[in-house]
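Trainee: Before we start, here is the structure in question, set down as structure tokens.
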Amino acid sequence: MAIVNLKEKTIQVKIVYCGPGRSGKTTNLEYIYNWLLKTQGQTTSKLTSINTKGDRTLFFDFFPINLGKIAGFELKIQLYTTPGQVKYESTRRLVLKGVDGVVFVADSLLSRQEANIESFQNLIDDLEYHQINLDDVILTFQWNKRDLDENMIPLTSVEDMEAQLNSTLKAQSFPSSAITGMNVLKTVRHLSKKTMEAVIEKTVSKL
Amino acid sequence: MDTVIDEKSAKKIEAVLEKFLDESGATYALLTDLGGNLLFKSGEEDIDGDTLAVLSAANYAATKEIATLINKENFSLLFHRGDNENIHFAKIAQDVLMIILFKPYLSLGLLRLKISDIQEELSDLLGP
Ligand SMILES: Nc1nc2c(ncn2[C@@H]2O[C@H](COP(=O)(O)OP(=O)(O)OP(=O)(O)O)[C@@H](O)[C@H]2O)c(=O)[nH]1
Ligand SMILES: [Mg+2]
């Protein structure tokens with residue numbers, strides 16, 4: 001549910017990181033935020049995190065990014081994470097209101113296969129609660145924690161993760177490590193671009 | 001559905017908000033949709049409007065869930081009192097929340113009257 005303001009010439013879209021508990025959603029946002037701080041010296045807003053004492057997300061993490069201008073329009077992205085833990089259903093659902101793009105951060109740990117699948121089903125249900133179809137949002141998968149491969153920790157293969165979650169959807173996907181930053185920026189750049197294009201197609205190009 | 005705000009409505013809404021601040025004596029007013037997208041802001045400059053919009057929408061949504069949980073009609077009034085600044089949240093249209101910052105010496109009752117004065121106008125300008 002993007003917002004287009006024709007006076008200010010701004011387009012604003014909402015991207016939400018979803019996925020099971022501890023899959024690395026918050027770590028993704030922290031990496032992007034720190035990268036922006038480092039390369040640009042400052043950001044327009046702080047990273048806001050509503051979490052528990054133990055650093056688990058309770059409601060969401062949030063910060064906005066300015067992407068610069070396209071066709072005279074200032075592009076703004078609102079980045080959010082959801083709480084992955086099953087017990088935070090009520091707050092997780094609220095974060096998805098008005099979402100335009102979703103990064104599904106799946107956990108590559110072998111032991112988290114079921115959790116990924118359950119969480120993805122939850123995402124579909126939560127979207128339905130807002131009368132949004134999965135087809136209405138731009139979706140990108142992240143197969144996260146690939147760095148653990150080097151530590152001989154048993155991981156689900158990328159092929160198996162594709163088969164379990166992405167076999168019919170055939171959405172864009174990236175193997176990633178939110179800790180080392182592998183493909184973290186690539187994910188957000190790809191999804192921002194796709195989401196913006198979709199919104200422009202639906203709104204500005206029709207004016 | 002995506003929201004497109006045309007230039008004419010944007011100008012009118014900004015004028016309504018400025019007049020509201022003038023007449024009510026409030027410090028700052030902001031409009032956000034319930035998804036946390038900042039729509040308009042007016043008044044004191046050094047506030048991070050994006051974050052305020054997101055947190056206000058979240059706060060409103062969470063309160064509404066609590067109301068449903070305990071089987072109460074939605075609380076129509078959300079209000080926080082601070083030492084230097086009070087904040088009031090009002091749902092002014094189907095999908096739009098208004099956030100007003102004001103000094104403690106102003107009366108909330110009067111402020112709410114002023115809000116109800118402009119509510120219909122804003123609601124019309126913001127569309128369905
Ligand atoms: N090795 C490794 N660890 C990771 C990676 N991403 C996240 N972690 C770690 O996993 C733990 C959980 O990460 P978070 O980012 O807090 O997970 P989350 O998805 O936000 O979890 P919830 O807020 O509970 O939903 C932390 O200890 C992170 O350091 C990764 O790519 N590789
Ligand atoms: Mg988190």
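Chain labels follow the order of the structure tokens: the first chain is A, the next B, and so on; residue numbering restarts at 1 in every chain, and ligands are counted from 1 in their shown order.
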Show me which residues sit within 10 Å of ligand 2 when counting only C-alpha atoms and all ligand atoms, and put them as a PyMOL selection string.
Mentor: chain A and resi 17-30+49-52+55-61+80-85
Trainee: Generate the output file for the selected residues, N, CA, C and O atoms, as a tab-separated table (two decimals), in the first residue's frame.
Mentor:
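Wrote it out as again28.tsv, contents follow:
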chain	number	residue	atom	x	y	z
A	17	TYR	N	10.62	-7.62	6.66
A	17	TYR	CA	11.39	-8.86	6.80
A	17	TYR	C	10.61	-9.83	7.68
A	17	TYR	O	10.33	-9.52	8.84
A	18	CYS	N	10.25	-10.99	7.11
A	18	CYS	CA	9.51	-12.01	7.84
A	18	CYS	C	10.36	-13.26	7.96
A	18	CYS	O	11.39	-13.38	7.31
A	19	GLY	N	9.87	-14.22	8.73
A	19	GLY	CA	10.60	-15.48	8.87
A	19	GLY	C	10.57	-15.94	10.31
A	19	GLY	O	10.15	-15.19	11.20
A	20	PRO	N	10.99	-17.19	10.57
A	20	PRO	CA	10.89	-17.75	11.91
A	20	PRO	C	11.80	-17.05	12.91
A	20	PRO	O	12.69	-16.29	12.51
A	21	GLY	N	11.59	-17.30	14.20
A	21	GLY	CA	12.38	-16.70	15.25
A	21	GLY	C	13.85	-17.01	15.06
A	21	GLY	O	14.22	-18.10	14.65
A	22	ARG	N	14.70	-16.04	15.33
A	22	ARG	CA	16.16	-16.16	15.28
A	22	ARG	C	16.70	-16.48	13.89
A	22	ARG	O	17.82	-16.98	13.76
A	23	SER	N	15.96	-16.18	12.84
A	23	SER	CA	16.47	-16.50	11.50
A	23	SER	C	17.43	-15.42	11.00
A	23	SER	O	18.17	-15.65	10.04
A	24	GLY	N	17.40	-14.24	11.62
A	24	GLY	CA	18.35	-13.20	11.22
A	24	GLY	C	17.70	-11.95	10.63
A	24	GLY	O	18.36	-11.17	9.94
A	25	LYS	N	16.44	-11.71	10.91
A	25	LYS	CA	15.74	-10.54	10.35
A	25	LYS	C	16.31	-9.24	10.92
A	25	LYS	O	16.64	-8.32	10.18
A	26	THR	N	16.40	-9.20	12.25
A	26	THR	CA	16.94	-8.00	12.88
A	26	THR	C	18.39	-7.78	12.46
A	26	THR	O	18.80	-6.64	12.19
A	27	THR	N	19.15	-8.86	12.36
A	27	THR	CA	20.56	-8.75	11.96
A	27	THR	C	20.68	-8.14	10.56
A	27	THR	O	21.58	-7.35	10.30
A	28	ASN	N	19.76	-8.50	9.65
A	28	ASN	CA	19.72	-7.88	8.33
A	28	ASN	C	19.58	-6.37	8.44
A	28	ASN	O	20.34	-5.62	7.83
A	29	LEU	N	18.59	-5.91	9.22
A	29	LEU	CA	18.35	-4.47	9.32
A	29	LEU	C	19.53	-3.75	9.96
A	29	LEU	O	19.92	-2.67	9.53
A	30	GLU	N	20.10	-4.40	10.98
A	30	GLU	CA	21.25	-3.79	11.65
A	30	GLU	C	22.42	-3.65	10.68
A	30	GLU	O	23.12	-2.63	10.68
A	49	SER	N	13.92	-0.15	17.60
A	49	SER	CA	13.68	-1.57	17.86
A	49	SER	C	12.82	-1.72	19.10
A	49	SER	O	13.15	-1.20	20.16
A	50	ILE	N	11.71	-2.41	18.93
A	50	ILE	CA	10.89	-2.72	20.10
A	50	ILE	C	11.10	-4.20	20.39
A	50	ILE	O	10.56	-5.07	19.70
A	51	ASN	N	11.95	-4.46	21.37
A	51	ASN	CA	12.33	-5.86	21.62
A	51	ASN	C	12.32	-6.21	23.10
A	51	ASN	O	12.08	-5.35	23.95
A	52	THR	N	12.58	-7.47	23.40
A	52	THR	CA	12.61	-7.93	24.79
A	52	THR	C	14.02	-7.72	25.34
A	52	THR	O	14.94	-7.38	24.61
A	55	ASP	N	16.83	-9.29	23.55
A	55	ASP	CA	17.04	-8.89	22.15
A	55	ASP	C	16.21	-9.64	21.13
A	55	ASP	O	16.55	-9.70	19.95
A	56	ARG	N	15.11	-10.25	21.57
A	56	ARG	CA	14.19	-10.84	20.61
A	56	ARG	C	13.18	-9.77	20.23
A	56	ARG	O	12.75	-8.98	21.08
A	57	THR	N	12.80	-9.75	18.97
A	57	THR	CA	11.87	-8.72	18.54
A	57	THR	C	10.48	-8.98	19.14
A	57	THR	O	9.98	-10.10	19.08
A	58	LEU	N	9.91	-7.94	19.74
A	58	LEU	CA	8.61	-8.06	20.39
A	58	LEU	C	7.51	-7.50	19.47
A	58	LEU	O	6.41	-8.01	19.41
A	59	PHE	N	7.86	-6.45	18.74
A	59	PHE	CA	6.88	-5.80	17.87
A	59	PHE	C	7.51	-5.61	16.47
A	59	PHE	O	7.11	-6.24	15.51
A	60	PHE	N	8.53	-4.79	16.38
A	60	PHE	CA	9.21	-4.62	15.10
A	60	PHE	C	10.52	-3.87	15.29
A	60	PHE	O	10.78	-3.29	16.33
A	61	ASP	N	11.38	-3.91	14.25
A	61	ASP	CA	12.47	-2.95	14.07
A	61	ASP	C	12.06	-2.09	12.89
A	61	ASP	O	11.38	-2.56	11.98
A	80	TYR	N	10.97	-2.73	7.78
A	80	TYR	CA	10.50	-3.28	9.06
A	80	TYR	C	10.94	-4.74	9.20
A	80	TYR	O	11.10	-5.43	8.20
A	81	THR	N	11.06	-5.19	10.45
A	81	THR	CA	11.09	-6.63	10.69
A	81	THR	C	9.85	-7.00	11.49
A	81	THR	O	9.24	-6.16	12.15
A	82	THR	N	9.49	-8.28	11.46
A	82	THR	CA	8.42	-8.78	12.32
A	82	THR	C	9.05	-9.60	13.44
A	82	THR	O	10.19	-10.03	13.32
A	83	PRO	N	8.31	-9.86	14.51
A	83	PRO	CA	8.78	-10.81	15.51
A	83	PRO	C	8.54	-12.23	14.98
A	83	PRO	O	7.42	-12.56	14.60
A	84	GLY	N	9.57	-13.07	14.96
A	84	GLY	CA	9.44	-14.40	14.38
A	84	GLY	C	8.80	-15.42	15.32
A	84	GLY	O	8.19	-16.38	14.88
A	85	GLN	N	8.94	-15.17	16.62
A	85	GLN	CA	8.45	-16.16	17.57
A	85	GLN	C	6.94	-16.35	17.43
A	85	GLN	O	6.19	-15.38	17.33
Trainee: Quick one: which residues from chain A are at most 7 Å off chain B, using only C-alpha atoms, as a list in words?
Mentor: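 Residues of chain A within 7 Å of chain B, counting only C-alpha atoms: Met1, Ala2, Ile3, Val4, Asn5, Leu6, Lys7, Ser45, Leu94, Lys97 and Gly98 of chain A.
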Trainee: Could you save those same residues with N, CA and C atoms as a short mmCIF file (atom, residue, chain, number, x, y, z; two decimals), in the first residue's frame?
Mentor:
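Output contents, as saved in result05.cif:
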data_model
loop_
_atom_site.label_atom_id
_atom_site.label_comp_id
_atom_site.auth_asym_id
_atom_site.auth_seq_id
_atom_site.Cartn_x
_atom_site.Cartn_y
_atom_site.Cartn_z
N MET A 1 0.83 -1.19 0.00
CA MET A 1 0.00 0.00 0.00
C MET A 1 0.86 1.24 0.00
N ALA A 2 1.38 1.56 -1.15
CA ALA A 2 2.31 2.67 -1.24
C ALA A 2 1.59 4.00 -1.13
N ILE A 3 2.32 5.03 -0.75
CA ILE A 3 1.78 6.38 -0.68
C ILE A 3 2.50 7.25 -1.71
N VAL A 4 1.72 7.84 -2.60
CA VAL A 4 2.29 8.73 -3.61
C VAL A 4 1.76 10.13 -3.33
N ASN A 5 2.68 11.06 -3.09
CA ASN A 5 2.27 12.44 -2.86
C ASN A 5 2.72 13.28 -4.05
N LEU A 6 1.75 13.77 -4.81
CA LEU A 6 2.06 14.47 -6.06
C LEU A 6 2.54 15.90 -5.83
N LYS A 7 2.25 16.45 -4.66
CA LYS A 7 2.76 17.79 -4.36
C LYS A 7 4.23 17.73 -3.95
N SER A 45 16.88 8.74 10.07
CA SER A 45 16.25 8.31 11.32
C SER A 45 17.10 7.25 11.99
N LEU A 94 0.10 -7.13 12.92
CA LEU A 94 -0.09 -5.68 12.77
C LEU A 94 0.97 -5.05 11.88
N LYS A 97 0.45 -4.69 8.00
CA LYS A 97 -0.56 -3.83 7.39
C LYS A 97 0.06 -2.93 6.32
N GLY A 98 -0.51 -2.96 5.13
CA GLY A 98 -0.05 -2.07 4.07
C GLY A 98 1.28 -2.43 3.45
#
Trainee: Work out how far CA of Lys76 in chain A is from CA of Lys14 in chain A, in Å to one decimal.
Mentor: 8.7 Å
Trainee: CA of Phe73 in chain A and CA of Met196 in chain A are how many Å apart?
Mentor: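 A separation of 11.0 Å between them.
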Trainee: Write down as a ChimeraX atom specification the residues belonging to chain B that are assigned strand (DSSP E or B) by DSSP computed on the backbone.
Mentor: /B:3-5,28-33,38-43,78-81,86-93,96-102
Trainee: Counting only C-alpha atoms and all ligand atoms, which residue out of A:Thr187, A:Asn166, A:Ser177, A:Ser108 sits closest to ligand 1?
Mentor: A:Ser177
Trainee: Please identify all polymer residues within 12 Å of Asp117 in chain B, counting only C-alpha atoms, omitting same-chain residues fewer than 3 positions from it, and present them as a list in words.
Mentor: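 Result of the neighbour search: Val16, Leu17, Lys19, Phe20, Glu23, Ser24, Ile92, Leu110, Leu111, Arg112, Leu113, Lys114, Glu120, Glu121, Leu122 and Ser123 of chain B.
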Trainee: Any chance you can output those residues with C-alpha atoms as a compact mmCIF listing (two decimals), in the first residue's frame?
Mentor:
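Once written, part04.txt looks like this:
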# COMPACT_ATOMS: atom_id res chain seq x y z
CA VAL B 16 -6.01 23.04 7.41
CA LEU B 17 -3.23 21.74 9.65
CA LYS B 19 -4.75 26.84 10.71
CA PHE B 20 -5.40 24.19 13.34
CA GLU B 23 -6.02 28.42 16.44
CA SER B 24 -5.52 25.64 18.97
CA ILE B 92 -9.85 11.21 11.99
CA LEU B 110 -10.73 22.35 23.86
CA LEU B 111 -8.20 20.64 21.65
CA ARG B 112 -10.60 17.80 20.97
CA LEU B 113 -13.28 20.29 19.99
CA LYS B 114 -10.87 21.87 17.49
CA GLU B 120 -14.82 16.10 8.45
CA GLU B 121 -12.89 18.42 6.18
CA LEU B 122 -9.71 16.37 6.50
CA SER B 123 -11.57 13.13 6.08
Trainee: Name the residues in contact with Val99 in chain A at a cut-off of 8 Å, using only C-alpha atoms, excluding same-chain residues fewer than 3 positions from it; report them as a ChimeraX atom specification.
Mentor: /A:1,13-16,96,102,137
Trainee: Would you kindly return, as a JSON list (two decimals) with all heavy atoms, in the first residue's frame, each protein, DNA or RNA residue with an atom no farther than 6 Å from any atom of Leu101 in chain B, considering only C-alpha atoms and excluding same-chain residues fewer than 3 positions away?
Mentor:
[["chain", "number", "residue", "atom", "x", "y", "z"],
["B", 27, "THR", "N", 1.48, 22.41, 19.37],
["B", 27, "THR", "CA", 2.86, 22.59, 18.89],
["B", 27, "THR", "C", 3.10, 21.92, 17.53],
["B", 27, "THR", "O", 3.85, 22.43, 16.70],
["B", 27, "THR", "CB", 3.84, 21.94, 19.90],
["B", 27, "THR", "OG1", 3.33, 22.11, 21.21],
["B", 27, "THR", "CG2", 5.21, 22.58, 19.78],
["B", 28, "TYR", "N", 2.47, 20.79, 17.33],
["B", 28, "TYR", "CA", 2.86, 19.95, 16.20],
["B", 28, "TYR", "C", 1.68, 19.04, 15.87],
["B", 28, "TYR", "O", 1.00, 18.56, 16.77],
["B", 28, "TYR", "CB", 4.06, 19.11, 16.63],
["B", 28, "TYR", "CG", 4.66, 18.19, 15.60],
["B", 28, "TYR", "CD1", 5.69, 18.62, 14.76],
["B", 28, "TYR", "CD2", 4.24, 16.86, 15.51],
["B", 28, "TYR", "CE1", 6.27, 17.75, 13.84],
["B", 28, "TYR", "CE2", 4.82, 15.99, 14.60],
["B", 28, "TYR", "CZ", 5.84, 16.43, 13.77],
["B", 28, "TYR", "OH", 6.42, 15.59, 12.87],
["B", 86, "ASN", "N", 2.32, 17.17, 26.01],
["B", 86, "ASN", "CA", 1.32, 16.11, 25.98],
["B", 86, "ASN", "C", 1.15, 15.64, 24.56],
["B", 86, "ASN", "O", 1.41, 16.39, 23.61],
["B", 86, "ASN", "CB", -0.03, 16.61, 26.51],
["B", 86, "ASN", "CG", 0.01, 16.91, 27.99],
["B", 86, "ASN", "OD1", 0.94, 16.51, 28.69],
["B", 86, "ASN", "ND2", -0.99, 17.65, 28.46],
["B", 87, "ILE", "N", 0.70, 14.41, 24.41],
["B", 87, "ILE", "CA", 0.45, 13.92, 23.06],
["B", 87, "ILE", "C", -0.94, 13.29, 23.01],
["B", 87, "ILE", "O", -1.36, 12.62, 23.95],
["B", 87, "ILE", "CB", 1.57, 12.93, 22.62],
["B", 87, "ILE", "CG1", 1.39, 12.49, 21.18],
["B", 87, "ILE", "CG2", 1.64, 11.72, 23.54],
["B", 87, "ILE", "CD1", 2.65, 11.90, 20.58]]
Trainee: Of the residues A:Ile65, A:Leu79, A:Ile11, A:Lys53, which is the one nearest to Val103 in chain A, using only C-alpha atoms?
Mentor: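 The answer is A:Leu79, which sits nearest to Val103 in chain A.
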Trainee: Please give the complete set of residues from range 4-174 of chain A that DSSP, run on the backbone, assigns to alpha helix (DSSP H), formatted as a PyMOL selection string.
Mentor: chain A and resi 25-40+89-95+113-129+158-165
Trainee: Leaving out range 116-124 of chain A and any residue of its chain fewer than 3 positions from it, which residues lie within 7 Å of it when counting only C-alpha atoms, given as a PDB file with all heavy atoms, in the first residue's frame?
Mentor:
ATOM      1  N   GLY A  19       9.871 -14.216   8.732  1.00  0.00           N
ATOM      2  CA  GLY A  19      10.595 -15.476   8.875  1.00  0.00           C
ATOM      3  C   GLY A  19      10.568 -15.944  10.312  1.00  0.00           C
ATOM      4  O   GLY A  19      10.152 -15.191  11.197  1.00  0.00           O
ATOM      5  N   PRO A  20      10.992 -17.186  10.570  1.00  0.00           N
ATOM      6  CA  PRO A  20      10.889 -17.755  11.912  1.00  0.00           C
ATOM      7  C   PRO A  20      11.799 -17.047  12.909  1.00  0.00           C
ATOM      8  O   PRO A  20      12.688 -16.288  12.511  1.00  0.00           O
ATOM      9  CB  PRO A  20      11.335 -19.205  11.715  1.00  0.00           C
ATOM     10  CG  PRO A  20      12.182 -19.191  10.496  1.00  0.00           C
ATOM     11  CD  PRO A  20      11.615 -18.122   9.618  1.00  0.00           C
ATOM     12  N   ALA A 106      14.705 -17.178   5.663  1.00  0.00           N
ATOM     13  CA  ALA A 106      14.612 -18.561   6.126  1.00  0.00           C
ATOM     14  C   ALA A 106      15.934 -18.955   6.779  1.00  0.00           C
ATOM     15  O   ALA A 106      17.002 -18.488   6.388  1.00  0.00           O
ATOM     16  CB  ALA A 106      14.298 -19.482   4.950  1.00  0.00           C
ATOM     17  N   ASP A 107      15.838 -19.791   7.800  1.00  0.00           N
ATOM     18  CA  ASP A 107      17.012 -20.223   8.556  1.00  0.00           C
ATOM     19  C   ASP A 107      17.549 -21.513   7.940  1.00  0.00           C
ATOM     20  O   ASP A 107      16.835 -22.498   7.829  1.00  0.00           O
ATOM     21  CB  ASP A 107      16.580 -20.449  10.014  1.00  0.00           C
ATOM     22  CG  ASP A 107      17.762 -20.547  10.958  1.00  0.00           C
ATOM     23  OD1 ASP A 107      18.831 -21.040  10.531  1.00  0.00           O
ATOM     24  OD2 ASP A 107      17.614 -20.117  12.118  1.00  0.00           O
ATOM     25  N   ARG A 112      15.843 -26.209  11.605  1.00  0.00           N
ATOM     26  CA  ARG A 112      14.804 -25.182  11.490  1.00  0.00           C
ATOM     27  C   ARG A 112      13.915 -25.335  10.258  1.00  0.00           C
ATOM     28  O   ARG A 112      13.154 -24.411   9.926  1.00  0.00           O
ATOM     29  CB  ARG A 112      15.446 -23.781  11.510  1.00  0.00           C
ATOM     30  CG  ARG A 112      16.189 -23.478  12.804  1.00  0.00           C
ATOM     31  CD  ARG A 112      15.279 -23.448  14.009  1.00  0.00           C
ATOM     32  NE  ARG A 112      14.531 -22.197  14.119  1.00  0.00           N
ATOM     33  CZ  ARG A 112      13.459 -22.027  14.894  1.00  0.00           C
ATOM     34  NH1 ARG A 112      12.984 -23.038  15.613  1.00  0.00           N
ATOM     35  NH2 ARG A 112      12.833 -20.875  14.928  1.00  0.00           N
ATOM     36  N   GLN A 113      13.998 -26.487   9.600  1.00  0.00           N
ATOM     37  CA  GLN A 113      13.186 -26.702   8.397  1.00  0.00           C
ATOM     38  C   GLN A 113      11.690 -26.521   8.660  1.00  0.00           C
ATOM     39  O   GLN A 113      10.998 -25.803   7.942  1.00  0.00           O
ATOM     40  CB  GLN A 113      13.410 -28.120   7.857  1.00  0.00           C
ATOM     41  CG  GLN A 113      14.724 -28.291   7.139  1.00  0.00           C
ATOM     42  CD  GLN A 113      14.785 -29.598   6.371  1.00  0.00           C
ATOM     43  OE1 GLN A 113      13.779 -30.279   6.195  1.00  0.00           O
ATOM     44  NE2 GLN A 113      15.973 -29.945   5.917  1.00  0.00           N
ATOM     45  N   LEU A 127      -1.180 -12.150   5.991  1.00  0.00           N
ATOM     46  CA  LEU A 127      -1.524 -11.292   4.850  1.00  0.00           C
ATOM     47  C   LEU A 127      -3.023 -11.355   4.583  1.00  0.00           C
ATOM     48  O   LEU A 127      -3.674 -10.340   4.322  1.00  0.00           O
ATOM     49  CB  LEU A 127      -0.746 -11.717   3.598  1.00  0.00           C
ATOM     50  CG  LEU A 127       0.758 -11.427   3.599  1.00  0.00           C
ATOM     51  CD1 LEU A 127       1.410 -12.045   2.364  1.00  0.00           C
ATOM     52  CD2 LEU A 127       1.034  -9.932   3.640  1.00  0.00           C
ATOM     53  N   GLU A 128      -3.533 -12.564   4.683  1.00  0.00           N
ATOM     54  CA  GLU A 128      -4.965 -12.763   4.438  1.00  0.00           C
ATOM     55  C   GLU A 128      -5.808 -11.936   5.408  1.00  0.00           C
ATOM     56  O   GLU A 128      -6.845 -11.398   5.049  1.00  0.00           O
ATOM     57  CB  GLU A 128      -5.297 -14.248   4.601  1.00  0.00           C
ATOM     58  CG  GLU A 128      -6.565 -14.680   3.913  1.00  0.00           C
ATOM     59  CD  GLU A 128      -6.629 -16.198   3.893  1.00  0.00           C
ATOM     60  OE1 GLU A 128      -5.900 -16.809   3.085  1.00  0.00           O
ATOM     61  OE2 GLU A 128      -7.374 -16.754   4.706  1.00  0.00           O
ATOM     62  N   LEU A 134      -0.713 -13.279  -1.476  1.00  0.00           N
ATOM     63  CA  LEU A 134       0.729 -13.392  -1.657  1.00  0.00           C
ATOM     64  C   LEU A 134       1.152 -12.796  -2.998  1.00  0.00           C
ATOM     65  O   LEU A 134       2.213 -12.192  -3.131  1.00  0.00           O
ATOM     66  CB  LEU A 134       1.144 -14.866  -1.566  1.00  0.00           C
ATOM     67  CG  LEU A 134       2.609 -15.141  -1.262  1.00  0.00           C
ATOM     68  CD1 LEU A 134       3.083 -14.396  -0.033  1.00  0.00           C
ATOM     69  CD2 LEU A 134       2.843 -16.633  -1.109  1.00  0.00           C
ATOM     70  N   LEU A 165      10.132 -24.278  -0.047  1.00  0.00           N
ATOM     71  CA  LEU A 165       9.435 -23.000   0.109  1.00  0.00           C
ATOM     72  C   LEU A 165       9.123 -22.283  -1.205  1.00  0.00           C
ATOM     73  O   LEU A 165       8.194 -21.494  -1.282  1.00  0.00           O
ATOM     74  CB  LEU A 165      10.280 -22.061   0.987  1.00  0.00           C
ATOM     75  CG  LEU A 165      10.454 -22.507   2.439  1.00  0.00           C
ATOM     76  CD1 LEU A 165      11.636 -21.797   3.081  1.00  0.00           C
ATOM     77  CD2 LEU A 165       9.193 -22.215   3.241  1.00  0.00           C
TER      78      LEU A 165
END
Trainee: Counting only C-alpha atoms and all ligand atoms, which of A:Ile77, A:Val158, A:Met182, A:Leu110 gets nearest to ligand 1?
Mentor: A:Met182
